[in-house]
file work11.txt (compact mmCIF, N, CA and C atoms and all ligand atoms)
# COMPACT_ATOMS: atom_id res chain seq x y z
N MET A 164 -7.38 2.04 -18.20
CA MET A 164 -6.87 3.32 -17.66
C MET A 164 -5.44 3.54 -18.16
N SER A 165 -5.27 4.60 -18.89
CA SER A 165 -3.96 4.86 -19.47
C SER A 165 -3.08 5.60 -18.46
N LEU A 166 -1.86 5.80 -18.84
CA LEU A 166 -0.95 6.56 -17.96
C LEU A 166 -1.41 7.99 -17.79
N ASP A 167 -2.23 8.49 -18.70
CA ASP A 167 -2.67 9.89 -18.67
C ASP A 167 -4.06 10.07 -18.05
N THR A 168 -4.61 9.01 -17.48
CA THR A 168 -5.94 9.10 -16.87
C THR A 168 -5.95 10.17 -15.78
N ALA A 169 -6.97 11.02 -15.83
CA ALA A 169 -7.09 12.09 -14.82
C ALA A 169 -7.39 11.48 -13.45
N TYR A 170 -6.94 12.15 -12.41
CA TYR A 170 -7.17 11.69 -11.04
C TYR A 170 -8.67 11.70 -10.73
N ASP A 171 -9.15 10.57 -10.20
CA ASP A 171 -10.57 10.47 -9.81
C ASP A 171 -10.65 10.59 -8.29
N PRO A 172 -11.21 11.69 -7.77
CA PRO A 172 -11.25 11.87 -6.31
C PRO A 172 -12.13 10.86 -5.59
N ASP A 173 -12.87 10.05 -6.33
CA ASP A 173 -13.70 9.02 -5.71
C ASP A 173 -13.12 7.63 -5.84
N ASN A 174 -11.81 7.53 -6.14
CA ASN A 174 -11.19 6.20 -6.18
C ASN A 174 -11.18 5.59 -4.77
N ILE A 175 -11.00 4.28 -4.72
CA ILE A 175 -11.12 3.55 -3.43
C ILE A 175 -10.18 4.13 -2.36
N PHE A 176 -8.95 4.44 -2.75
CA PHE A 176 -7.99 4.89 -1.73
C PHE A 176 -8.32 6.30 -1.25
N ALA A 177 -8.83 7.17 -2.15
CA ALA A 177 -9.27 8.51 -1.72
C ALA A 177 -10.41 8.36 -0.72
N ARG A 178 -11.29 7.39 -0.96
CA ARG A 178 -12.42 7.18 -0.05
C ARG A 178 -11.94 6.61 1.29
N ILE A 179 -10.89 5.79 1.27
CA ILE A 179 -10.32 5.30 2.54
C ILE A 179 -9.74 6.48 3.31
N ILE A 180 -9.00 7.38 2.63
CA ILE A 180 -8.42 8.55 3.30
C ILE A 180 -9.52 9.39 3.95
N ARG A 181 -10.65 9.55 3.27
CA ARG A 181 -11.75 10.36 3.81
C ARG A 181 -12.57 9.62 4.87
N GLY A 182 -12.22 8.36 5.11
CA GLY A 182 -12.93 7.58 6.13
C GLY A 182 -14.27 7.03 5.63
N GLU A 183 -14.48 7.06 4.31
CA GLU A 183 -15.75 6.57 3.76
C GLU A 183 -15.74 5.06 3.57
N LEU A 184 -14.53 4.49 3.51
CA LEU A 184 -14.37 3.04 3.41
C LEU A 184 -13.38 2.61 4.49
N PRO A 185 -13.53 1.39 5.01
CA PRO A 185 -12.64 0.95 6.09
C PRO A 185 -11.27 0.51 5.57
N ALA A 186 -10.29 0.56 6.44
CA ALA A 186 -8.96 0.01 6.13
C ALA A 186 -8.33 -0.42 7.44
N ILE A 187 -7.46 -1.42 7.36
CA ILE A 187 -6.72 -1.87 8.55
C ILE A 187 -5.38 -1.14 8.51
N SER A 188 -5.37 -0.04 9.24
CA SER A 188 -4.23 0.88 9.16
C SER A 188 -3.07 0.43 10.05
N VAL A 189 -1.85 0.67 9.57
CA VAL A 189 -0.67 0.41 10.42
C VAL A 189 0.12 1.69 10.69
N TYR A 190 -0.11 2.72 9.87
CA TYR A 190 0.62 3.98 10.04
C TYR A 190 -0.23 5.10 9.44
N ASP A 191 -0.24 6.24 10.14
CA ASP A 191 -1.06 7.36 9.66
C ASP A 191 -0.43 8.66 10.14
N ASP A 192 -0.16 9.57 9.23
CA ASP A 192 0.23 10.93 9.63
C ASP A 192 -0.38 11.91 8.63
N ASP A 193 0.03 13.18 8.65
CA ASP A 193 -0.59 14.17 7.77
C ASP A 193 -0.35 13.87 6.29
N ASP A 194 0.76 13.21 6.00
CA ASP A 194 1.17 13.04 4.61
C ASP A 194 0.88 11.67 4.02
N ALA A 195 0.86 10.65 4.86
CA ALA A 195 0.76 9.28 4.32
C ALA A 195 -0.06 8.38 5.23
N LEU A 196 -0.64 7.38 4.59
CA LEU A 196 -1.40 6.35 5.30
C LEU A 196 -0.88 5.00 4.80
N ALA A 197 -0.67 4.08 5.74
CA ALA A 197 -0.28 2.72 5.35
C ALA A 197 -1.31 1.75 5.93
N PHE A 198 -1.70 0.79 5.13
CA PHE A 198 -2.72 -0.17 5.56
C PHE A 198 -2.51 -1.51 4.86
N MET A 199 -3.17 -2.52 5.43
CA MET A 199 -3.00 -3.88 4.91
C MET A 199 -3.73 -4.02 3.58
N ASP A 200 -3.08 -4.64 2.61
CA ASP A 200 -3.72 -4.99 1.34
C ASP A 200 -4.69 -6.13 1.63
N ILE A 201 -5.96 -5.95 1.26
CA ILE A 201 -6.95 -7.00 1.60
C ILE A 201 -6.94 -8.17 0.61
N PHE A 202 -6.17 -8.02 -0.47
CA PHE A 202 -5.95 -9.15 -1.40
C PHE A 202 -4.44 -9.39 -1.44
N PRO A 203 -3.86 -9.80 -0.32
CA PRO A 203 -2.39 -9.78 -0.20
C PRO A 203 -1.70 -10.84 -1.05
N GLN A 204 -0.54 -10.48 -1.56
CA GLN A 204 0.27 -11.45 -2.29
C GLN A 204 1.06 -12.33 -1.33
N THR A 205 1.37 -11.76 -0.17
CA THR A 205 2.06 -12.52 0.88
C THR A 205 1.53 -12.05 2.23
N ARG A 206 1.90 -12.78 3.25
CA ARG A 206 1.55 -12.44 4.63
C ARG A 206 2.24 -11.12 4.98
N GLY A 207 1.45 -10.07 5.25
CA GLY A 207 2.04 -8.78 5.63
C GLY A 207 2.09 -7.76 4.52
N HIS A 208 1.53 -8.09 3.36
CA HIS A 208 1.50 -7.16 2.21
C HIS A 208 0.81 -5.85 2.64
N THR A 209 1.55 -4.77 2.54
CA THR A 209 1.10 -3.47 3.06
C THR A 209 1.18 -2.44 1.94
N LEU A 210 0.25 -1.49 1.95
CA LEU A 210 0.24 -0.41 0.96
C LEU A 210 0.53 0.93 1.65
N VAL A 211 1.26 1.80 0.97
CA VAL A 211 1.53 3.14 1.49
C VAL A 211 1.04 4.14 0.45
N ILE A 212 0.18 5.06 0.88
CA ILE A 212 -0.41 6.03 -0.06
C ILE A 212 -0.22 7.45 0.45
N PRO A 213 -0.07 8.41 -0.47
CA PRO A 213 -0.03 9.81 -0.04
C PRO A 213 -1.44 10.28 0.29
N LYS A 214 -1.56 11.15 1.30
CA LYS A 214 -2.89 11.60 1.70
C LYS A 214 -3.31 12.90 1.02
N LYS A 215 -2.34 13.76 0.70
CA LYS A 215 -2.71 15.06 0.11
C LYS A 215 -2.55 15.07 -1.40
N ALA A 216 -1.57 14.34 -1.89
CA ALA A 216 -1.27 14.37 -3.33
C ALA A 216 -2.42 13.75 -4.12
N ARG A 217 -2.92 14.47 -5.09
CA ARG A 217 -3.97 13.94 -5.96
C ARG A 217 -3.28 13.39 -7.21
N ALA A 218 -2.51 12.33 -7.01
CA ALA A 218 -1.72 11.76 -8.10
C ALA A 218 -2.29 10.41 -8.49
N THR A 219 -2.53 10.22 -9.79
CA THR A 219 -3.00 8.94 -10.29
C THR A 219 -1.89 7.90 -10.25
N ASN A 220 -0.68 8.37 -10.55
CA ASN A 220 0.44 7.43 -10.62
C ASN A 220 1.76 8.19 -10.40
N PHE A 221 2.84 7.52 -10.63
CA PHE A 221 4.19 8.06 -10.38
C PHE A 221 4.47 9.29 -11.24
N PHE A 222 3.86 9.33 -12.44
CA PHE A 222 4.21 10.35 -13.41
C PHE A 222 3.58 11.70 -13.13
N ASP A 223 2.39 11.72 -12.53
CA ASP A 223 1.75 13.02 -12.28
C ASP A 223 1.94 13.48 -10.83
N ALA A 224 2.82 12.82 -10.09
CA ALA A 224 3.09 13.22 -8.71
C ALA A 224 4.17 14.31 -8.66
N ASP A 225 4.01 15.25 -7.74
CA ASP A 225 5.07 16.25 -7.50
C ASP A 225 6.25 15.54 -6.88
N VAL A 226 7.46 15.98 -7.24
CA VAL A 226 8.65 15.33 -6.69
C VAL A 226 8.73 15.53 -5.18
N ALA A 227 8.21 16.66 -4.69
CA ALA A 227 8.22 16.88 -3.23
C ALA A 227 7.32 15.86 -2.53
N ASP A 228 6.17 15.59 -3.14
CA ASP A 228 5.26 14.58 -2.55
C ASP A 228 5.89 13.18 -2.61
N LEU A 229 6.59 12.90 -3.71
CA LEU A 229 7.25 11.60 -3.84
C LEU A 229 8.34 11.43 -2.78
N SER A 230 9.06 12.52 -2.52
CA SER A 230 10.15 12.46 -1.53
C SER A 230 9.61 12.09 -0.16
N VAL A 231 8.52 12.76 0.21
CA VAL A 231 7.91 12.46 1.51
C VAL A 231 7.40 11.02 1.52
N LEU A 232 6.76 10.64 0.42
CA LEU A 232 6.16 9.30 0.37
C LEU A 232 7.21 8.20 0.48
N ILE A 233 8.32 8.37 -0.22
CA ILE A 233 9.32 7.28 -0.19
C ILE A 233 9.95 7.17 1.20
N ALA A 234 10.03 8.30 1.92
CA ALA A 234 10.52 8.22 3.30
C ALA A 234 9.55 7.43 4.17
N ARG A 235 8.25 7.63 3.93
CA ARG A 235 7.25 6.86 4.69
C ARG A 235 7.29 5.38 4.28
N VAL A 236 7.52 5.12 3.01
CA VAL A 236 7.63 3.72 2.56
C VAL A 236 8.77 3.04 3.29
N GLN A 237 9.91 3.73 3.39
CA GLN A 237 11.04 3.12 4.10
C GLN A 237 10.70 2.89 5.58
N HIS A 238 10.05 3.87 6.19
CA HIS A 238 9.69 3.74 7.61
C HIS A 238 8.77 2.53 7.83
N VAL A 239 7.73 2.44 7.00
CA VAL A 239 6.77 1.34 7.17
C VAL A 239 7.43 0.00 6.82
N ALA A 240 8.26 -0.01 5.77
CA ALA A 240 8.94 -1.25 5.38
C ALA A 240 9.84 -1.74 6.52
N ARG A 241 10.47 -0.80 7.20
CA ARG A 241 11.29 -1.21 8.36
C ARG A 241 10.42 -1.85 9.43
N GLY A 242 9.23 -1.30 9.63
CA GLY A 242 8.30 -1.87 10.61
C GLY A 242 7.85 -3.27 10.20
N VAL A 243 7.54 -3.43 8.92
CA VAL A 243 7.12 -4.75 8.41
C VAL A 243 8.26 -5.74 8.61
N ARG A 244 9.47 -5.31 8.29
CA ARG A 244 10.64 -6.20 8.43
C ARG A 244 10.84 -6.61 9.89
N LYS A 245 10.78 -5.61 10.77
CA LYS A 245 11.00 -5.88 12.20
C LYS A 245 9.91 -6.81 12.75
N ALA A 246 8.67 -6.57 12.33
CA ALA A 246 7.55 -7.34 12.88
C ALA A 246 7.53 -8.78 12.38
N LEU A 247 7.81 -8.96 11.08
CA LEU A 247 7.54 -10.26 10.47
C LEU A 247 8.79 -11.04 10.10
N LYS A 248 9.94 -10.38 10.15
CA LYS A 248 11.22 -11.03 9.86
C LYS A 248 11.19 -11.84 8.55
N PRO A 249 10.82 -11.21 7.45
CA PRO A 249 10.82 -11.91 6.17
C PRO A 249 12.24 -12.18 5.69
N ASP A 250 12.36 -13.09 4.71
CA ASP A 250 13.68 -13.35 4.12
C ASP A 250 14.04 -12.26 3.11
N GLY A 251 13.04 -11.62 2.54
CA GLY A 251 13.26 -10.52 1.60
C GLY A 251 12.05 -9.62 1.60
N VAL A 252 12.19 -8.45 1.01
CA VAL A 252 11.05 -7.53 0.91
C VAL A 252 11.03 -6.96 -0.51
N ARG A 253 9.90 -7.13 -1.16
CA ARG A 253 9.74 -6.56 -2.49
C ARG A 253 8.96 -5.25 -2.38
N LEU A 254 9.46 -4.21 -3.03
CA LEU A 254 8.69 -2.96 -3.15
C LEU A 254 8.19 -2.90 -4.58
N ALA A 255 6.91 -2.55 -4.75
CA ALA A 255 6.35 -2.51 -6.10
C ALA A 255 5.48 -1.28 -6.26
N GLN A 256 5.39 -0.82 -7.49
CA GLN A 256 4.59 0.37 -7.78
C GLN A 256 4.21 0.28 -9.26
N PHE A 257 2.91 0.20 -9.56
CA PHE A 257 2.44 -0.04 -10.93
C PHE A 257 1.80 1.22 -11.49
N ASN A 258 2.04 1.47 -12.76
CA ASN A 258 1.48 2.66 -13.42
C ASN A 258 0.74 2.26 -14.68
N GLY A 259 -0.58 2.51 -14.69
CA GLY A 259 -1.40 2.19 -15.85
C GLY A 259 -1.91 0.76 -15.77
N ALA A 260 -3.12 0.55 -16.29
CA ALA A 260 -3.72 -0.79 -16.26
C ALA A 260 -2.83 -1.81 -16.97
N ALA A 261 -2.16 -1.38 -18.02
CA ALA A 261 -1.31 -2.32 -18.77
C ALA A 261 -0.17 -2.85 -17.91
N ALA A 262 0.22 -2.09 -16.90
CA ALA A 262 1.30 -2.51 -16.01
C ALA A 262 0.76 -3.23 -14.77
N GLY A 263 -0.56 -3.35 -14.68
CA GLY A 263 -1.14 -4.06 -13.54
C GLY A 263 -1.79 -3.17 -12.51
N GLN A 264 -1.79 -1.85 -12.74
CA GLN A 264 -2.41 -0.95 -11.74
C GLN A 264 -3.92 -1.15 -11.75
N THR A 265 -4.48 -1.31 -10.56
CA THR A 265 -5.92 -1.51 -10.45
C THR A 265 -6.61 -0.41 -9.63
N VAL A 266 -5.84 0.33 -8.84
CA VAL A 266 -6.39 1.47 -8.09
C VAL A 266 -5.59 2.70 -8.51
N PHE A 267 -6.32 3.73 -8.96
CA PHE A 267 -5.65 4.84 -9.64
C PHE A 267 -5.43 6.02 -8.71
N HIS A 268 -4.75 5.71 -7.61
CA HIS A 268 -4.25 6.68 -6.63
C HIS A 268 -2.84 6.18 -6.31
N LEU A 269 -1.85 7.02 -6.54
CA LEU A 269 -0.44 6.61 -6.36
C LEU A 269 -0.25 5.81 -5.07
N HIS A 270 0.47 4.69 -5.15
CA HIS A 270 0.75 3.91 -3.95
C HIS A 270 1.95 3.00 -4.19
N PHE A 271 2.57 2.64 -3.09
CA PHE A 271 3.65 1.65 -3.10
C PHE A 271 3.19 0.41 -2.36
N HIS A 272 3.60 -0.74 -2.89
CA HIS A 272 3.37 -2.03 -2.23
C HIS A 272 4.63 -2.39 -1.44
N ILE A 273 4.45 -2.83 -0.21
CA ILE A 273 5.53 -3.45 0.56
C ILE A 273 5.13 -4.92 0.70
N ILE A 274 5.92 -5.79 0.08
CA ILE A 274 5.56 -7.21 0.03
C ILE A 274 6.67 -8.03 0.68
N PRO A 275 6.47 -8.41 1.95
CA PRO A 275 7.48 -9.25 2.59
C PRO A 275 7.48 -10.62 1.92
N VAL A 276 8.65 -11.17 1.71
CA VAL A 276 8.76 -12.47 1.03
C VAL A 276 9.42 -13.47 1.97
N PHE A 277 8.77 -14.63 2.09
CA PHE A 277 9.23 -15.70 2.97
C PHE A 277 9.64 -16.87 2.09
N GLU A 278 10.87 -17.37 2.31
CA GLU A 278 11.38 -18.44 1.44
C GLU A 278 10.46 -19.65 1.41
N SER A 279 9.81 -19.92 2.53
CA SER A 279 8.99 -21.14 2.62
C SER A 279 7.54 -20.90 2.18
N GLU A 280 7.21 -19.69 1.79
CA GLU A 280 5.83 -19.37 1.40
C GLU A 280 5.83 -18.74 0.01
N GLY A 281 4.87 -19.09 -0.81
CA GLY A 281 4.83 -18.54 -2.16
C GLY A 281 4.23 -17.14 -2.21
N LEU A 282 4.23 -16.58 -3.41
CA LEU A 282 3.55 -15.31 -3.66
C LEU A 282 2.24 -15.60 -4.37
N LYS A 283 1.15 -15.05 -3.86
CA LYS A 283 -0.13 -15.21 -4.55
C LYS A 283 -0.22 -14.19 -5.68
N ARG A 284 -1.24 -14.36 -6.52
CA ARG A 284 -1.33 -13.43 -7.66
C ARG A 284 -1.77 -12.06 -7.18
N HIS A 285 -1.45 -11.07 -7.98
CA HIS A 285 -1.73 -9.66 -7.69
C HIS A 285 -3.23 -9.41 -7.60
N ALA A 286 -3.66 -8.75 -6.52
CA ALA A 286 -5.07 -8.36 -6.34
C ALA A 286 -6.01 -9.56 -6.55
N GLY A 287 -5.64 -10.71 -5.98
CA GLY A 287 -6.39 -11.94 -6.21
C GLY A 287 -7.36 -12.30 -5.11
N GLU A 288 -6.86 -13.07 -4.14
CA GLU A 288 -7.72 -13.72 -3.15
C GLU A 288 -7.86 -12.85 -1.89
N LYS A 289 -9.09 -12.71 -1.42
CA LYS A 289 -9.31 -11.87 -0.24
C LYS A 289 -8.77 -12.55 1.02
N ALA A 290 -8.13 -11.76 1.87
CA ALA A 290 -7.52 -12.29 3.09
C ALA A 290 -8.56 -12.54 4.16
N ASP A 291 -8.16 -13.34 5.13
CA ASP A 291 -8.93 -13.52 6.35
C ASP A 291 -8.74 -12.24 7.18
N MET A 292 -9.83 -11.55 7.49
CA MET A 292 -9.72 -10.24 8.14
C MET A 292 -9.11 -10.33 9.55
N ALA A 293 -9.42 -11.40 10.27
CA ALA A 293 -8.85 -11.55 11.62
C ALA A 293 -7.34 -11.72 11.53
N GLU A 294 -6.90 -12.46 10.51
CA GLU A 294 -5.45 -12.65 10.33
C GLU A 294 -4.79 -11.32 9.96
N LEU A 295 -5.46 -10.54 9.10
CA LEU A 295 -4.91 -9.23 8.73
C LEU A 295 -4.82 -8.31 9.93
N GLU A 296 -5.84 -8.33 10.78
CA GLU A 296 -5.82 -7.50 12.00
C GLU A 296 -4.64 -7.89 12.88
N ALA A 297 -4.40 -9.19 13.02
CA ALA A 297 -3.30 -9.67 13.86
C ALA A 297 -1.95 -9.23 13.29
N LEU A 298 -1.80 -9.35 11.97
CA LEU A 298 -0.54 -8.92 11.34
C LEU A 298 -0.36 -7.41 11.51
N ALA A 299 -1.45 -6.66 11.31
CA ALA A 299 -1.37 -5.20 11.45
C ALA A 299 -0.96 -4.82 12.87
N GLY A 300 -1.48 -5.55 13.86
CA GLY A 300 -1.12 -5.27 15.24
C GLY A 300 0.38 -5.42 15.47
N ARG A 301 0.94 -6.47 14.86
CA ARG A 301 2.39 -6.71 15.01
C ARG A 301 3.19 -5.61 14.31
N ILE A 302 2.72 -5.17 13.13
CA ILE A 302 3.44 -4.11 12.41
C ILE A 302 3.33 -2.79 13.17
N ARG A 303 2.15 -2.48 13.66
CA ARG A 303 1.96 -1.25 14.46
C ARG A 303 2.89 -1.26 15.66
N ALA A 304 2.98 -2.39 16.35
CA ALA A 304 3.83 -2.50 17.54
C ALA A 304 5.29 -2.28 17.16
N ALA A 305 5.69 -2.83 16.01
CA ALA A 305 7.09 -2.69 15.57
C ALA A 305 7.40 -1.23 15.21
N LEU A 306 6.39 -0.52 14.72
CA LEU A 306 6.60 0.89 14.35
C LEU A 306 6.59 1.79 15.58
N GLY A 307 6.19 1.23 16.69
CA GLY A 307 6.20 1.98 17.95
C GLY A 307 5.09 2.98 17.96
P1 LIG B 1 -2.43 -1.79 -7.86
O1 LIG B 1 -3.02 -2.94 -8.61
O2 LIG B 1 -0.94 -1.64 -7.97
O3 LIG B 1 -3.18 -0.52 -8.22
O4 LIG B 1 -2.66 -2.07 -6.33
C1 LIG B 1 -3.89 -1.90 -5.69
C2 LIG B 1 -3.87 -2.84 -4.52
O5 LIG B 1 -4.95 -2.48 -3.70
C3 LIG B 1 -4.05 -4.31 -4.88
O6 LIG B 1 -2.94 -5.04 -4.40
C4 LIG B 1 -5.35 -4.71 -4.20
O7 LIG B 1 -5.27 -5.98 -3.66
C5 LIG B 1 -5.49 -3.65 -3.13
N1 LIG B 1 -6.82 -3.29 -2.72
C6 LIG B 1 -7.92 -3.11 -3.49
N2 LIG B 1 -8.96 -2.69 -2.74
C7 LIG B 1 -8.50 -2.59 -1.47
C8 LIG B 1 -9.09 -2.20 -0.24
N3 LIG B 1 -10.38 -1.82 -0.15
N4 LIG B 1 -8.33 -2.23 0.87
C9 LIG B 1 -7.03 -2.63 0.80
N5 LIG B 1 -6.42 -3.00 -0.32
C10 LIG B 1 -7.14 -2.98 -1.44

call {"tool": "encode", "arguments": {"input": "work11.txt", "output": "structure tokens"}}
result
Amino acid sequence: MSLDTAYDPDNIFARIIRGELPAISVYDDDDALAFMDIFPQTRGHTLVIPKKARATNFFDADVADLSVLIARVQHVARGVRKALKPDGVRLAQFNGAAAGQTVFHLHFHIIPVFESEGLKRHAGEKADMAELEALAGRIRAALG
């Protein structure tokens, strides 16, 4: 998938937005949805996606949609920080398969980093769903 790949309305994240596929959500409003990454790199790895923008990546997104999205990323990242008290937080956003993008609907990764715990590989090992639900509960509570 190149940087110029047209938006596919049947991508996994579009299907999650439409409720056709499940997700463990931590935040939801008219503009954005945040949910647990099911192949997390760290404990608490969360994704934030725009709900209305039909953007494949950073380059074909409207700047107005990006502005709203980055505000939601900050809001959710604050919740992740408050809930899990990581030593650091990595924000990531990949464009094009060559850069590591595997789902072609614009999204940001919020990856809490713990000094005593490593980072797993990108989109690698599937998480324990009960553990993800528990982490999501803590993040939801922190977001109020
Ligand atoms: P990227 O590779 O930057 O496009 O990120 C896509 C992310 O989505 C990866 O970190 C995957 O682990 C994650 N992912 C793939 N399918 C799902 C899914 N059904 N629910 C939650 N996360 C997913």

call {"tool": "residues_around", "arguments": {"input": "work11.txt", "residues": "A:Phe222", "least_positions_apart": "3", "cutoff": "8 Å", "atoms": "all atoms listed in the file", "output": "mmCIF file with N, CA and C atoms, in the coordinates of the input"}}
result
data_model
loop_
_atom_site.group_PDB
_atom_site.id
_atom_site.type_symbol
_atom_site.label_atom_id
_atom_site.label_comp_id
_atom_site.auth_asym_id
_atom_site.auth_seq_id
_atom_site.Cartn_x
_atom_site.Cartn_y
_atom_site.Cartn_z
ATOM 1 N N LEU A 166 -1.860 5.800 -18.840
ATOM 2 C CA LEU A 166 -0.950 6.560 -17.960
ATOM 3 C C LEU A 166 -1.410 7.990 -17.790
ATOM 4 N N ALA A 218 -2.510 12.330 -7.010
ATOM 5 C CA ALA A 218 -1.720 11.760 -8.100
ATOM 6 C C ALA A 218 -2.290 10.410 -8.490
ATOM 7 N N THR A 219 -2.530 10.220 -9.790
ATOM 8 C CA THR A 219 -3.000 8.940 -10.290
ATOM 9 C C THR A 219 -1.890 7.900 -10.250
ATOM 10 N N ASP A 225 4.010 15.250 -7.740
ATOM 11 C CA ASP A 225 5.070 16.250 -7.500
ATOM 12 C C ASP A 225 6.250 15.540 -6.880
ATOM 13 N N ASN A 258 2.040 1.470 -12.760
ATOM 14 C CA ASN A 258 1.480 2.660 -13.420
ATOM 15 C C ASN A 258 0.740 2.260 -14.680
ATOM 16 N N LEU A 269 -1.850 7.020 -6.540
ATOM 17 C CA LEU A 269 -0.440 6.610 -6.360
ATOM 18 C C LEU A 269 -0.250 5.810 -5.070
#

call {"tool": "closest_residue", "arguments": {"input": "work11.txt", "among": "A:Ala169, A:Ile233, A:Ile180, A:Ala304", "to": "ligand LIG 1 (chain B)", "atoms": "only C-alpha atoms and all ligand atoms"}}
result
A:Ile180

call {"tool": "closest_atom_pairs", "arguments": {"input": "work11.txt", "of": "chain A", "to": "ligand LIG 1 (chain B)", "cutoff": "6.5 Å", "atoms": "all atoms listed in the file", "output": "tab-separated table"}}
result
residue	atom	partner	partner_atom	distance
A:Ile175	CA	B:LIG1	N3	6.3
A:Pro185	C	B:LIG1	N4	6.2
A:Ala186	CA	B:LIG1	N4	5.8
A:Phe198	C	B:LIG1	C9	6.2
A:Met199	C	B:LIG1	C9	4.5
A:Asp200	CA	B:LIG1	N5	3.7
A:Ile201	N	B:LIG1	N5	3.4
A:Phe202	N	B:LIG1	O7	3.9
A:Pro203	N	B:LIG1	O7	5.3
A:Gln256	C	B:LIG1	O2	5.6
A:Phe257	N	B:LIG1	O2	4.6
A:Asn258	N	B:LIG1	O2	6.4
A:Gly263	C	B:LIG1	O1	4.1
A:Gln264	CA	B:LIG1	O3	3.6
A:Thr265	N	B:LIG1	O3	2.8
A:Val266	N	B:LIG1	O3	2.9
A:Phe267	N	B:LIG1	O3	5.3
A:His268	N	B:LIG1	O3	6.5
A:His285	C	B:LIG1	O6	5.4
A:Ala286	CA	B:LIG1	O7	3.6
A:Gly287	N	B:LIG1	O7	5.3

call {"tool": "closest_residue", "arguments": {"input": "work11.txt", "among": "A:Gly182, A:Pro249, A:Pro213, A:Gly259", "to": "A:Ile274", "atoms": "only N, CA and C atoms"}}
result
A:Pro249

call {"tool": "axis_aligned_box", "arguments": {"input": "work11.txt", "around": "stretch 194-206 of chain A", "padding_each_side": "8 Å", "output": "lines of an AutoDock Vina configuration file"}}
result
center_x = -2.4
center_y = 0.2
center_z = 1.9
size_x = 25.2
size_y = 42.0
size_z = 24.3

call {"tool": "closest_residue", "arguments": {"input": "work11.txt", "among": "A:Val226, A:Phe221, A:Arg301, A:Val236", "to": "A:Lys248", "atoms": "only C-alpha atoms"}}
result
A:Arg301

call {"tool": "select_by_dssp", "arguments": {"input": "work11.txt", "residues": "stretch 173-251 of chain A", "states": "strand (DSSP E)", "output": "PyMOL selection string"}}
result
chain A and resi 188-191+195-199+209-213+251

call {"tool": "write_last_selection", "arguments": {"input": "work11.txt", "atoms": "N, CA and C atoms", "output": "CSV table (one decimal), in the coordinates of the input"}}
result
chain,number,residue,atom,x,y,z
A,188,SER,N,-5.4,0.0,9.2
A,188,SER,CA,-4.2,0.9,9.2
A,188,SER,C,-3.1,0.4,10.0
A,189,VAL,N,-1.8,0.7,9.6
A,189,VAL,CA,-0.7,0.4,10.4
A,189,VAL,C,0.1,1.7,10.7
A,190,TYR,N,-0.1,2.7,9.9
A,190,TYR,CA,0.6,4.0,10.0
A,190,TYR,C,-0.2,5.1,9.4
A,191,ASP,N,-0.2,6.2,10.1
A,191,ASP,CA,-1.1,7.4,9.7
A,191,ASP,C,-0.4,8.7,10.1
A,195,ALA,N,0.9,10.6,4.9
A,195,ALA,CA,0.8,9.3,4.3
A,195,ALA,C,-0.1,8.4,5.2
A,196,LEU,N,-0.6,7.4,4.6
A,196,LEU,CA,-1.4,6.4,5.3
A,196,LEU,C,-0.9,5.0,4.8
A,197,ALA,N,-0.7,4.1,5.7
A,197,ALA,CA,-0.3,2.7,5.4
A,197,ALA,C,-1.3,1.8,5.9
A,198,PHE,N,-1.7,0.8,5.1
A,198,PHE,CA,-2.7,-0.2,5.6
A,198,PHE,C,-2.5,-1.5,4.9
A,199,MET,N,-3.2,-2.5,5.4
A,199,MET,CA,-3.0,-3.9,4.9
A,199,MET,C,-3.7,-4.0,3.6
A,209,THR,N,1.6,-4.8,2.5
A,209,THR,CA,1.1,-3.5,3.1
A,209,THR,C,1.2,-2.4,1.9
A,210,LEU,N,0.2,-1.5,2.0
A,210,LEU,CA,0.2,-0.4,1.0
A,210,LEU,C,0.5,0.9,1.6
A,211,VAL,N,1.3,1.8,1.0
A,211,VAL,CA,1.5,3.1,1.5
A,211,VAL,C,1.0,4.1,0.4
A,212,ILE,N,0.2,5.1,0.9
A,212,ILE,CA,-0.4,6.0,-0.1
A,212,ILE,C,-0.2,7.4,0.4
A,213,PRO,N,-0.1,8.4,-0.5
A,213,PRO,CA,0.0,9.8,0.0
A,213,PRO,C,-1.4,10.3,0.3
A,251,GLY,N,13.0,-11.6,2.5
A,251,GLY,CA,13.3,-10.5,1.6
A,251,GLY,C,12.0,-9.6,1.6

call {"tool": "closest_residue", "arguments": {"input": "work11.txt", "among": "A:Arg303, A:Tyr170, A:Val189, A:Met164", "to": "A:Arg217", "atoms": "all atoms listed in the file"}}
result
A:Tyr170

call {"tool": "atom_distance", "arguments": {"input": "work11.txt", "atom1": "atom CA of A:Ala224", "atom2": "atom CA of A:Gly242"}}
result
25.1 Å

call {"tool": "atom_distance", "arguments": {"input": "work11.txt", "atom1": "atom N of A:Val252", "atom2": "atom CA of A:His270"}}
result
17.6 Å

call {"tool": "closest_residue", "arguments": {"input": "work11.txt", "among": "A:Ala195, A:Leu229, A:Leu184, A:Ala246", "to": "A:Gly300", "atoms": "only N, CA and C atoms"}}
result
A:Ala246
